[in-house]
Amino acid sequence: MSINQKRRLTWRLSFNLISAILLLFLASQATQANEIAIWNFNDSNLTVDHGTGVLTTDIIAANVLFAAGTTNNARAGDPAGQALSLQGGSSTANNGRNLTFNVSMLGFSNIVVSFATQGTSTGFNNNQFQYSLDGVTFVNFGPAYVPATAFGSVPLVFTLSSIVGLNDNPNAAFRIIFNGASSATGTNRIDNFVVEGSPSEGTPSGVPEPTTAALLLSGLSGLYGLRKRRRHK
Ligand SMILES: [Ca+2]
Ligand SMILES: [Ca+2]
């Protein structure tokens, strides 16, 4: 094999390798494109389990527990595992307290938040979902909800596409305010809290769309063709 043939083979192999890596990367991005942050609580903590986000609560720490979860609203093949379980607390001190999810929407629009929930008869039965555009001021979204007594198979879904201020907003946040608990040990469970959206058009941080992937690949093959033509001159 001549030096030129070897060079050509090396270049062809590199090109194939780069293309394969690029395709794998784009495929992996495409499957996660819509899910921005997911809490499945299977590891019995408040740390986000897929994607990026921060969950905080002012509920008394001793009343932030974990108990059997559900596959209702589970993503990415997550098992039921554990769920977050919040108690009313001594003197139902946790009435009026909340869970707050800070999740950057940079690169995303048409935001949808969903989760599975269930409550016992003396648990919080008057809960309000809210959103925030600045992480400071929260606005009620939809009426207060009463958790079902069992997780069932249908999650609560809050479609926030009409709140355009959330789109591409790095300071976006969501909150559930818990009220109505009538005993210290009454509970609400929350599982598979999912924040998702569509990749925004023309946002640098947005996930490349298929057309962008095609352009990248055609650019790469163009480069390959150019190298080839140069060699044949
Ligand atoms: Ca779970
Ligand atoms: Ca976790």
# chains A, B, ... in the order shown; residues from 1 in each chain; ligands from 1
>>> residues_near_ligand(ligand="ligand 2", cutoff="9 Å", atoms="only C-alpha atoms and all ligand atoms", output="number ranges by chain")
A: 38-50
>>> closest_atom_pairs(of="chain A", to="ligand 1", cutoff="8 Å", atoms="only C-alpha atoms and all ligand atoms", output="Markdown table")
| residue | atom | partner | partner_atom_place_in_ligand_line | distance |
| --- | --- | --- | --- | --- |
| A:Trp39 | CA | ligand 1 | 1 (Ca) | 7.9 |
| A:Asn40 | CA | ligand 1 | 1 (Ca) | 4.2 |
| A:Phe41 | CA | ligand 1 | 1 (Ca) | 4.9 |
| A:Asn42 | CA | ligand 1 | 1 (Ca) | 4.6 |
| A:Ala68 | CA | ligand 1 | 1 (Ca) | 7.4 |
| A:Gly69 | CA | ligand 1 | 1 (Ca) | 4.4 |
| A:Thr70 | CA | ligand 1 | 1 (Ca) | 5.7 |
| A:Thr71 | CA | ligand 1 | 1 (Ca) | 6.9 |
| A:Ala74 | CA | ligand 1 | 1 (Ca) | 7.4 |
| A:Asp78 | CA | ligand 1 | 1 (Ca) | 7.4 |
| A:Pro79 | CA | ligand 1 | 1 (Ca) | 6.5 |
| A:Ala80 | CA | ligand 1 | 1 (Ca) | 4.4 |
| A:Gly81 | CA | ligand 1 | 1 (Ca) | 4.4 |
| A:Gln82 | CA | ligand 1 | 1 (Ca) | 4.3 |
| A:Ala83 | CA | ligand 1 | 1 (Ca) | 4.7 |
| A:Leu84 | CA | ligand 1 | 1 (Ca) | 8.0 |
| A:Asp191 | CA | ligand 1 | 1 (Ca) | 5.3 |
| A:Asn192 | CA | ligand 1 | 1 (Ca) | 5.9 |
>>> atom_distance(atom1="atom CA of A:Phe108", atom2="atom CA of A:Ala144")
26.6 Å
>>> closest_residue(among="A:Gln118, A:Ser132, A:Ile111, A:Thr100", to="A:Val154", atoms="only C-alpha atoms")
A:Gln118
>>> residues_around(residues="A:Ala184", least_positions_apart="4", cutoff="10 Å", atoms="only C-alpha atoms", output="ChimeraX atom specification")
/A:63,87-94,122-123
>>> residues_around(residues="A:Gly135", least_positions_apart="4", cutoff="6 Å", atoms="only C-alpha atoms", output="list in words")
Asn171, Ala172 and Ala173 of chain A
>>> write_last_selection(atoms="N, CA and C atoms", output="PDB file, in the first residue's frame")
ATOM      1  N   ASN A 171     -34.488  31.415  35.207  1.00  0.00           N
ATOM      2  CA  ASN A 171     -34.910  31.568  36.608  1.00  0.00           C
ATOM      3  C   ASN A 171     -36.264  30.930  36.895  1.00  0.00           C
ATOM      4  N   ALA A 172     -36.736  30.098  35.976  1.00  0.00           N
ATOM      5  CA  ALA A 172     -38.056  29.472  36.153  1.00  0.00           C
ATOM      6  C   ALA A 172     -38.077  28.601  37.400  1.00  0.00           C
ATOM      7  N   ALA A 173     -39.244  28.548  38.038  1.00  0.00           N
ATOM      8  CA  ALA A 173     -39.400  27.697  39.217  1.00  0.00           C
ATOM      9  C   ALA A 173     -40.856  27.265  39.322  1.00  0.00           C
TER      10      ALA A 173
END
>>> atom_distance(atom1="atom CA of A:Asp168", atom2="atom CA of A:Thr57")
24.5 Å
>>> select_by_dssp(residues="stretch 80-184 of chain A", states="strand (DSSP E)", output="VMD selection string")
chain A and resid 82 to 87 98 to 102 108 to 119 128 to 132 138 to 140 156 to 159 173 to 177
>>> residues_around(residues="A:Glu196", least_positions_apart="5", cutoff="10 Å", atoms="only C-alpha atoms", output="PyMOL selection string")
chain A and resi 32-38+105+108-114+159
>>> residues_around(residues="A:Val146", least_positions_apart="2", cutoff="9 Å", atoms="only C-alpha atoms", output="list in words")
Gln118, Gly119, Phe124, Asn125, Asn126, Asn127, Ala144 and Ala148 of chain A
>>> select_by_dssp(residues="stretch 41-152 of chain A", states="helix (DSSP H, G or I)", output="PDB file with C-alpha atoms, in the first residue's frame")
ATOM      1  CA  ALA A  61     -37.085  17.869  57.999  1.00  0.00           C
ATOM      2  CA  ALA A  62     -38.482  15.159  60.317  1.00  0.00           C
ATOM      3  CA  ASN A  63     -41.663  15.143  58.191  1.00  0.00           C
ATOM      4  CA  SER A  90     -46.814  18.191  64.920  1.00  0.00           C
ATOM      5  CA  SER A  91     -49.783  20.608  65.273  1.00  0.00           C
ATOM      6  CA  THR A  92     -50.041  20.254  61.448  1.00  0.00           C
TER       7      THR A  92
END
>>> atom_distance(atom1="atom CA of A:Ser198", atom2="atom CA of A:Ala76")
17.3 Å
